[in-house]
Amino acid sequence: MNPHTDMLDLPALRQLELAADAAGLALMQRAADSIAAWVQKHYPPASRILAAVGPGNNGGDALFAACRLRRAGYQVEVLLPVPGNAAVQAALAEWQALGGSVRPTLPTGISALVPELLLDGLFGVGLARPLEGEWLHLIAQLNSLPCRKLAIDIPSGLDAMRGQPQGAALQANVTLSFLCPKPGLYTAAGPDHCGEVIIDDLACPPTLYPPTAGTLALPDASVLRRKRDSHKGSHGVLSIIGGAPGMTGAALLAGRAALAMGAGKIFVHPLDLALTLDPLCPELMLRPWQHNLLIPENHQLVVGPGLGLSDQAHAALSRALLHPGSLLLDADGLNLLAADHGLQQLLQQRSGTTILTPHPTEAARLLDSDTASVQADRVAAVRELSQRFDCVVLLKGCGTLLARYGQPYRLLTRGSPSLAVAGQGDVLAGAIAALLAQGMAPLDAAHLAADVHASAGEHYSAQAGGPIGLSCQQLLPLMTHELNHRVASSGVPPF
Ligand SMILES: NC(=O)C1=CN([C@@H]2O[C@H](COP(=O)(O)OP(=O)(O)OC[C@H]3O[C@@H](n4cnc5c(N)ncnc54)[C@H](O)[C@@H]3O)[C@@H](O)[C@H]2O)[C@@H](O)CC1
Ligand SMILES: [K+]
């Protein structure tokens, strides 16, 4: 267990809290130390701090931190809307012994008292239902304060496991989270509410941690190291089927991305017979699809970019499902699969690994569900898909998730809205297949390719001054650079 990258599900997190308690670890005091240390590092004494204290242990963390900060000379105010549990009461006794008072509501027109920093300790992982009434009002009031906001453990109102606001959620600048990362910090609406995320394991011994459910840890890229003594045949071959009339660009984008990510040889089989060359990328070998097209066993096969939903597309997918090697299905490859139980049966009978790369709406189609339900619990959706189809599944969207049944799920911490443009799904499909072609295991290939893609999106935003306007031509060199960097820094460091 690495408490900085490995994640627990909620029952396991509760189990850990109990184990720490039984071991006599005063975790709440350590949490309060951690909060106070963060404040002292960033704000000089006498700064104005407002601590919002909720009814549970999250409130206890905030109020014990308030005591420490008052002792250290900060001007601390405490907002305590409801009487808290025993931990809050103990902190309150300490606070009052220090001469502190509490206010039950936030007065309107407090311009003179506007804090420099809000400590948000209303709710943590114990949020059990949507917020209502006065709580909604309070969150809105706190969000409108013109000051920086430090969320304790998780922004109040955000579901720690699902990353969705429960009615409303605090908009934090920094989130200081304890014991281990929670998926809700990184996926769905989580990143837009958390700001910078800091994990403090509170020096809780790793032996106390139950088995992990998921991880943020990245796969090692050293398998992609190249020998001087290598040739194009050393780096794998892949075939892409897609590119129906009107959507030929999708297949070409996948092909170009595969080249940028190091695949040795790339065949593109467009359904549009008129497409015979990519003039901007003549390295791609274009061989229009025919019903008797034979894909050699050693090719990594991608089906879906610009495939369409025609009878021809259906026939191409049916045949592709018989391919004995690895197969990646994207876009209309997934839509055809979702709509046809016969194709799903063929998928179940496959001997090679299959990777599915749905966006939330495609995932909903595969699950006979709707997009909102998938987004409401992205971790559950990706796990369910991987189990139902016995595939590696990559669920796109903010906080990309990957799962293979029986293994911890994986969650990307990187990403950028710059990538939310047409064509990037095709780029990702080609990138994954390129890493498969170079010998990476399917889950690792999908994970590393997605992380390289996400990182390149971040680099683009940094270079362009913002996320608008990304195109494949700009992104692919950034992906190549990022991949080379990952490979160079993998494995044992050089002298
Ligand atoms: N137990 C432990 O070992 C540790 C807990 N820690 C802190 O404790 C937090 C968890 O504490 P709790 O389990 O007490 O939970 P919380 O403090 O997150 O909230 C639970 C309280 O909120 C109420 N509540 C839940 N949903 C509500 C809603 N929608 N509207 C109104 N009230 C609602 C519950 O009735 C309960 O009173 C963590 O997030 C973390 O901040 C840390 O101190 C580290 C150690
Ligand atoms: K909180």
# chains A, B, ... in the order shown; residues from 1 in each chain; ligands from 1
call {"tool": "residues_around", "arguments": {"residues": "Ile295 in chain A", "least_positions_apart": "2", "cutoff": "12 Å", "atoms": "only C-alpha atoms", "output": "ChimeraX atom specification"}}
result
/A:237-241,267-269,287,289-293,297-303,316,319-327
call {"tool": "closest_atom_pairs", "arguments": {"of": "chain A", "to": "ligand 1", "cutoff": "6 Å", "atoms": "only C-alpha atoms and all ligand atoms", "output": "tab-separated table"}}
result
residue	atom	partner	partner_atom_place_in_ligand_line	distance
A:Glu17	CA	ligand 1	3 (O)	3.8
A:Leu27	CA	ligand 1	45 (C)	4.5
A:Met28	CA	ligand 1	43 (O)	3.6
A:Ala31	CA	ligand 1	43 (O)	5.3
A:Pro55	CA	ligand 1	37 (O)	4.6
A:Gly56	CA	ligand 1	17 (O)	3.2
A:Asn57	CA	ligand 1	14 (O)	3.7
A:Asn58	CA	ligand 1	41 (O)	3.6
A:Gly59	CA	ligand 1	17 (O)	5.7
A:Asp61	CA	ligand 1	43 (O)	5.2
A:Phe123	CA	ligand 1	18 (O)	3.9
A:Gly124	CA	ligand 1	18 (O)	3.2
A:Val125	CA	ligand 1	39 (O)	4.1
A:Gly126	CA	ligand 1	15 (O)	3.2
A:Leu127	CA	ligand 1	26 (N)	3.7
A:Ala128	CA	ligand 1	26 (N)	4.0
A:Arg129	CA	ligand 1	29 (N)	4.2
A:Pro130	CA	ligand 1	29 (N)	4.5
A:Leu131	CA	ligand 1	29 (N)	4.0
A:Ile152	CA	ligand 1	41 (O)	5.9
A:Asp153	CA	ligand 1	41 (O)	4.8
call {"tool": "write_last_selection", "arguments": {"atoms": "C-alpha atoms", "output": "mmCIF file, in the first residue's frame"}}
result
data_model
loop_
_atom_site.group_PDB
_atom_site.id
_atom_site.type_symbol
_atom_site.label_atom_id
_atom_site.label_comp_id
_atom_site.auth_asym_id
_atom_site.auth_seq_id
_atom_site.Cartn_x
_atom_site.Cartn_y
_atom_site.Cartn_z
ATOM 1 C CA GLU A 17 -10.110 4.615 10.870
ATOM 2 C CA LEU A 27 -5.470 10.812 13.958
ATOM 3 C CA MET A 28 -7.686 13.832 14.536
ATOM 4 C CA ALA A 31 -5.020 16.060 11.108
ATOM 5 C CA PRO A 55 -21.254 18.217 12.995
ATOM 6 C CA GLY A 56 -18.813 15.304 12.518
ATOM 7 C CA ASN A 57 -15.115 14.522 12.735
ATOM 8 C CA ASN A 58 -14.407 16.781 9.770
ATOM 9 C CA GLY A 59 -15.597 19.597 12.021
ATOM 10 C CA ASP A 61 -10.348 18.477 12.507
ATOM 11 C CA PHE A 123 -18.367 17.670 5.877
ATOM 12 C CA GLY A 124 -15.790 15.070 4.908
ATOM 13 C CA VAL A 125 -16.210 11.441 3.948
ATOM 14 C CA GLY A 126 -19.220 11.142 6.276
ATOM 15 C CA LEU A 127 -21.499 13.100 3.926
ATOM 16 C CA ALA A 128 -24.357 10.659 3.689
ATOM 17 C CA ARG A 129 -27.096 12.363 1.680
ATOM 18 C CA PRO A 130 -27.700 15.457 -0.450
ATOM 19 C CA LEU A 131 -27.425 18.772 1.354
ATOM 20 C CA ILE A 152 -10.288 19.716 4.881
ATOM 21 C CA ASP A 153 -10.210 16.138 3.584
#
call {"tool": "closest_atom_pairs", "arguments": {"of": "chain A", "to": "ligand 2", "cutoff": "9 Å", "atoms": "only C-alpha atoms and all ligand atoms", "output": "JSON lines"}}
result
{"residue": "A:Ala52", "atom": "CA", "partner": "ligand 2", "partner_atom_place_in_ligand_line": "1 (K)", "distance": 8.7}
{"residue": "A:Val53", "atom": "CA", "partner": "ligand 2", "partner_atom_place_in_ligand_line": "1 (K)", "distance": 8.8}
{"residue": "A:Gly54", "atom": "CA", "partner": "ligand 2", "partner_atom_place_in_ligand_line": "1 (K)", "distance": 8.3}
{"residue": "A:Asn58", "atom": "CA", "partner": "ligand 2", "partner_atom_place_in_ligand_line": "1 (K)", "distance": 6.2}
{"residue": "A:Gly59", "atom": "CA", "partner": "ligand 2", "partner_atom_place_in_ligand_line": "1 (K)", "distance": 7.8}
{"residue": "A:Ala62", "atom": "CA", "partner": "ligand 2", "partner_atom_place_in_ligand_line": "1 (K)", "distance": 8.6}
{"residue": "A:Leu119", "atom": "CA", "partner": "ligand 2", "partner_atom_place_in_ligand_line": "1 (K)", "distance": 8.1}
{"residue": "A:Asp120", "atom": "CA", "partner": "ligand 2", "partner_atom_place_in_ligand_line": "1 (K)", "distance": 4.9}
{"residue": "A:Gly121", "atom": "CA", "partner": "ligand 2", "partner_atom_place_in_ligand_line": "1 (K)", "distance": 4.1}
{"residue": "A:Leu122", "atom": "CA", "partner": "ligand 2", "partner_atom_place_in_ligand_line": "1 (K)", "distance": 5.1}
{"residue": "A:Phe123", "atom": "CA", "partner": "ligand 2", "partner_atom_place_in_ligand_line": "1 (K)", "distance": 4.5}
{"residue": "A:Gly124", "atom": "CA", "partner": "ligand 2", "partner_atom_place_in_ligand_line": "1 (K)", "distance": 4.7}
{"residue": "A:Val125", "atom": "CA", "partner": "ligand 2", "partner_atom_place_in_ligand_line": "1 (K)", "distance": 8.3}
{"residue": "A:Leu150", "atom": "CA", "partner": "ligand 2", "partner_atom_place_in_ligand_line": "1 (K)", "distance": 8.4}
{"residue": "A:Ala151", "atom": "CA", "partner": "ligand 2", "partner_atom_place_in_ligand_line": "1 (K)", "distance": 4.9}
{"residue": "A:Ile152", "atom": "CA", "partner": "ligand 2", "partner_atom_place_in_ligand_line": "1 (K)", "distance": 4.3}
{"residue": "A:Asp153", "atom": "CA", "partner": "ligand 2", "partner_atom_place_in_ligand_line": "1 (K)", "distance": 5.6}
{"residue": "A:Ile154", "atom": "CA", "partner": "ligand 2", "partner_atom_place_in_ligand_line": "1 (K)", "distance": 4.8}
{"residue": "A:Pro155", "atom": "CA", "partner": "ligand 2", "partner_atom_place_in_ligand_line": "1 (K)", "distance": 4.6}
{"residue": "A:Ser156", "atom": "CA", "partner": "ligand 2", "partner_atom_place_in_ligand_line": "1 (K)", "distance": 4.1}
{"residue": "A:Gly157", "atom": "CA", "partner": "ligand 2", "partner_atom_place_in_ligand_line": "1 (K)", "distance": 7.7}
{"residue": "A:Leu158", "atom": "CA", "partner": "ligand 2", "partner_atom_place_in_ligand_line": "1 (K)", "distance": 8.5}
{"residue": "A:Leu170", "atom": "CA", "partner": "ligand 2", "partner_atom_place_in_ligand_line": "1 (K)", "distance": 8.0}
{"residue": "A:Thr175", "atom": "CA", "partner": "ligand 2", "partner_atom_place_in_ligand_line": "1 (K)", "distance": 8.4}
call {"tool": "write_last_selection", "arguments": {"atoms": "N, CA and C atoms", "output": "compact mmCIF listing (two decimals), in the first residue's frame"}}
result
# COMPACT_ATOMS: atom_id res chain seq x y z
N ALA A 52 -14.99 26.90 9.39
CA ALA A 52 -16.38 26.44 9.32
C ALA A 52 -16.41 25.01 9.84
N VAL A 53 -17.12 24.81 10.96
CA VAL A 53 -17.05 23.53 11.68
C VAL A 53 -18.39 22.80 11.56
N GLY A 54 -18.36 21.61 10.96
CA GLY A 54 -19.56 20.81 10.78
C GLY A 54 -19.79 19.88 11.96
N ASN A 58 -15.00 15.76 10.64
CA ASN A 58 -14.41 16.78 9.77
C ASN A 58 -14.43 18.14 10.49
N GLY A 59 -15.52 18.38 11.20
CA GLY A 59 -15.60 19.60 12.02
C GLY A 59 -14.58 19.56 13.15
N ALA A 62 -11.27 20.65 11.95
CA ALA A 62 -11.21 22.11 11.75
C ALA A 62 -11.09 22.84 13.08
N LEU A 119 -11.20 27.83 6.40
CA LEU A 119 -10.95 26.40 6.64
C LEU A 119 -12.29 25.70 6.54
N ASP A 120 -12.45 24.89 5.54
CA ASP A 120 -13.74 24.23 5.31
C ASP A 120 -13.76 22.87 6.00
N GLY A 121 -14.41 22.82 7.15
CA GLY A 121 -14.55 21.57 7.89
C GLY A 121 -16.01 21.22 8.13
N LEU A 122 -16.86 21.50 7.15
CA LEU A 122 -18.29 21.18 7.35
C LEU A 122 -18.54 19.68 7.21
N PHE A 123 -18.14 19.10 6.10
CA PHE A 123 -18.37 17.67 5.88
C PHE A 123 -17.16 17.05 5.19
N GLY A 124 -16.86 15.82 5.57
CA GLY A 124 -15.79 15.07 4.91
C GLY A 124 -16.38 13.82 4.28
N VAL A 125 -15.75 12.69 4.57
CA VAL A 125 -16.21 11.44 3.95
C VAL A 125 -17.51 10.93 4.56
N LEU A 150 -9.44 26.53 1.97
CA LEU A 150 -8.75 25.24 2.15
C LEU A 150 -9.80 24.21 2.58
N ALA A 151 -10.04 23.22 1.73
CA ALA A 151 -10.98 22.17 2.09
C ALA A 151 -10.25 21.12 2.93
N ILE A 152 -10.87 20.74 4.03
CA ILE A 152 -10.29 19.72 4.88
C ILE A 152 -10.83 18.36 4.45
N ASP A 153 -9.96 17.50 4.07
CA ASP A 153 -10.21 16.14 3.58
C ASP A 153 -10.89 16.13 2.21
N ILE A 154 -11.99 16.87 2.07
CA ILE A 154 -12.71 16.92 0.79
C ILE A 154 -13.58 18.18 0.83
N PRO A 155 -13.75 18.85 -0.31
CA PRO A 155 -14.63 20.03 -0.28
C PRO A 155 -16.02 19.63 0.22
N SER A 156 -16.52 20.36 1.19
CA SER A 156 -17.81 19.99 1.79
C SER A 156 -18.91 19.95 0.74
N GLY A 157 -19.66 18.87 0.75
CA GLY A 157 -20.75 18.70 -0.20
C GLY A 157 -20.37 17.80 -1.37
N LEU A 158 -19.05 17.60 -1.57
CA LEU A 158 -18.60 16.73 -2.66
C LEU A 158 -18.58 15.29 -2.18
N LEU A 170 -18.43 23.00 -1.79
CA LEU A 170 -17.51 24.11 -1.64
C LEU A 170 -16.52 24.13 -2.82
N THR A 175 -7.12 21.39 -1.42
CA THR A 175 -7.76 20.35 -0.61
C THR A 175 -6.65 19.55 0.07
call {"tool": "atom_distance", "arguments": {"atom1": "CA of Leu80 in chain A", "atom2": "CA of Arg103 in chain A"}}
result
6.0 Å
call {"tool": "closest_atom_pairs", "arguments": {"of": "range 95-209 of chain A", "to": "range 389-407 of chain A", "cutoff": "6 Å", "atoms": "only C-alpha atoms", "output": "JSON lines"}}
result
{"residue": "A:Tyr186", "atom": "CA", "partner": "A:Gly399", "partner_atom": "CA", "distance": 5.4}
{"residue": "A:Thr187", "atom": "CA", "partner": "A:Gly399", "partner_atom": "CA", "distance": 3.9}
{"residue": "A:Ala188", "atom": "CA", "partner": "A:Cys398", "partner_atom": "CA", "distance": 5.2}
call {"tool": "atom_distance", "arguments": {"atom1": "CA of Ala51 in chain A", "atom2": "CA of Trp38 in chain A"}}
result
14.1 Å
call {"tool": "residues_around", "arguments": {"residues": "Ala37 in chain A", "least_positions_apart": "6", "cutoff": "12 Å", "atoms": "only C-alpha atoms", "output": "compact mmCIF listing (two decimals) with C-alpha atoms, in the first residue's frame"}}
result
# COMPACT_ATOMS: atom_id res chain seq x y z
CA ARG A 30 -2.50 14.71 13.62
CA ALA A 31 -5.02 16.06 11.11
CA TYR A 43 -0.03 32.70 6.03
CA PRO A 44 1.82 34.88 8.55
CA PRO A 45 0.59 35.01 12.16
CA ALA A 65 -6.80 23.26 14.02
CA ALA A 66 -8.49 26.54 14.98
CA ARG A 68 -3.66 25.56 17.35
CA LEU A 69 -3.83 28.60 15.08
CA ALA A 72 0.01 30.63 17.27
CA LEU A 176 -5.73 18.77 2.18
CA ASP A 200 -1.13 13.64 4.09
call {"tool": "closest_residue", "arguments": {"among": "A:Ala168, A:Ala12, A:Tyr209, A:Met440", "to": "Glu132 in chain A", "atoms": "only C-alpha atoms"}}
result
A:Ala168
call {"tool": "closest_residue", "arguments": {"among": "A:Asp6, A:Glu94, A:Glu482, A:Glu283", "to": "Ala213 in chain A", "atoms": "only C-alpha atoms"}}
result
A:Asp6
call {"tool": "residues_around", "arguments": {"residues": "range 275-281 of chain A", "least_positions_apart": "2", "cutoff": "12 Å", "atoms": "only C-alpha atoms", "output": "VMD selection string"}}
result
chain A and resid 242 to 260 266 to 273 283 to 289 472 to 473
call {"tool": "write_last_selection", "arguments": {"atoms": "C-alpha atoms", "output": "compact mmCIF listing (two decimals), in the first residue's frame"}}
result
# COMPACT_ATOMS: atom_id res chain seq x y z
CA GLY A 242 -12.74 2.85 -39.76
CA GLY A 243 -12.88 5.97 -41.89
CA ALA A 244 -16.24 5.61 -43.62
CA PRO A 245 -17.15 8.27 -46.21
CA GLY A 246 -17.38 11.65 -44.48
CA MET A 247 -15.34 10.42 -41.48
CA THR A 248 -12.07 9.40 -43.09
CA GLY A 249 -10.16 11.87 -40.91
CA ALA A 250 -10.86 9.81 -37.80
CA ALA A 251 -8.98 6.76 -39.10
CA LEU A 252 -6.10 8.97 -40.25
CA LEU A 253 -5.87 10.68 -36.86
CA ALA A 254 -5.64 7.29 -35.16
CA GLY A 255 -2.92 6.28 -37.60
CA ARG A 256 -0.91 9.47 -37.15
CA ALA A 257 -1.14 9.13 -33.37
CA ALA A 258 0.08 5.55 -33.57
CA LEU A 259 3.09 6.74 -35.56
CA ALA A 260 3.77 9.55 -33.06
CA ILE A 266 0.66 1.10 -39.46
CA PHE A 267 -2.03 -0.06 -41.85
CA VAL A 268 -5.22 1.96 -42.21
CA HIS A 269 -8.23 0.21 -43.77
CA PRO A 270 -10.78 2.91 -44.57
CA LEU A 271 -14.35 2.00 -45.46
CA ASP A 272 -14.15 4.92 -47.87
CA LEU A 273 -12.53 3.28 -50.89
CA GLU A 283 4.14 6.65 -43.63
CA LEU A 284 0.62 5.25 -43.16
CA MET A 285 -0.19 2.34 -45.45
CA LEU A 286 -3.73 2.79 -46.70
CA ARG A 287 -5.45 -0.38 -47.87
CA PRO A 288 -9.22 0.15 -48.25
CA TRP A 289 -11.35 -2.35 -46.34
CA CYS A 472 -3.85 17.01 -33.69
CA GLN A 473 -0.87 18.62 -35.46
call {"tool": "closest_residue", "arguments": {"among": "A:Gly264, A:Gly190, A:Gly423, A:Gly24", "to": "Gln166 in chain A", "atoms": "only C-alpha atoms"}}
result
A:Gly190
call {"tool": "select_by_dssp", "arguments": {"residues": "range 128-180 of chain A", "states": "strand (DSSP E)", "output": "PyMOL selection string"}}
result
chain A and resi 148-152+174-178
call {"tool": "closest_residue", "arguments": {"among": "A:Gly233, A:Pro467, A:Pro191, A:Gly430", "to": "Gly163 in chain A", "atoms": "only C-alpha atoms"}}
result
A:Pro191
call {"tool": "select_by_dssp", "arguments": {"residues": "range 223-283 of chain A", "states": "alpha helix (DSSP H)", "output": "ChimeraX atom specification"}}
result
/A:248-260
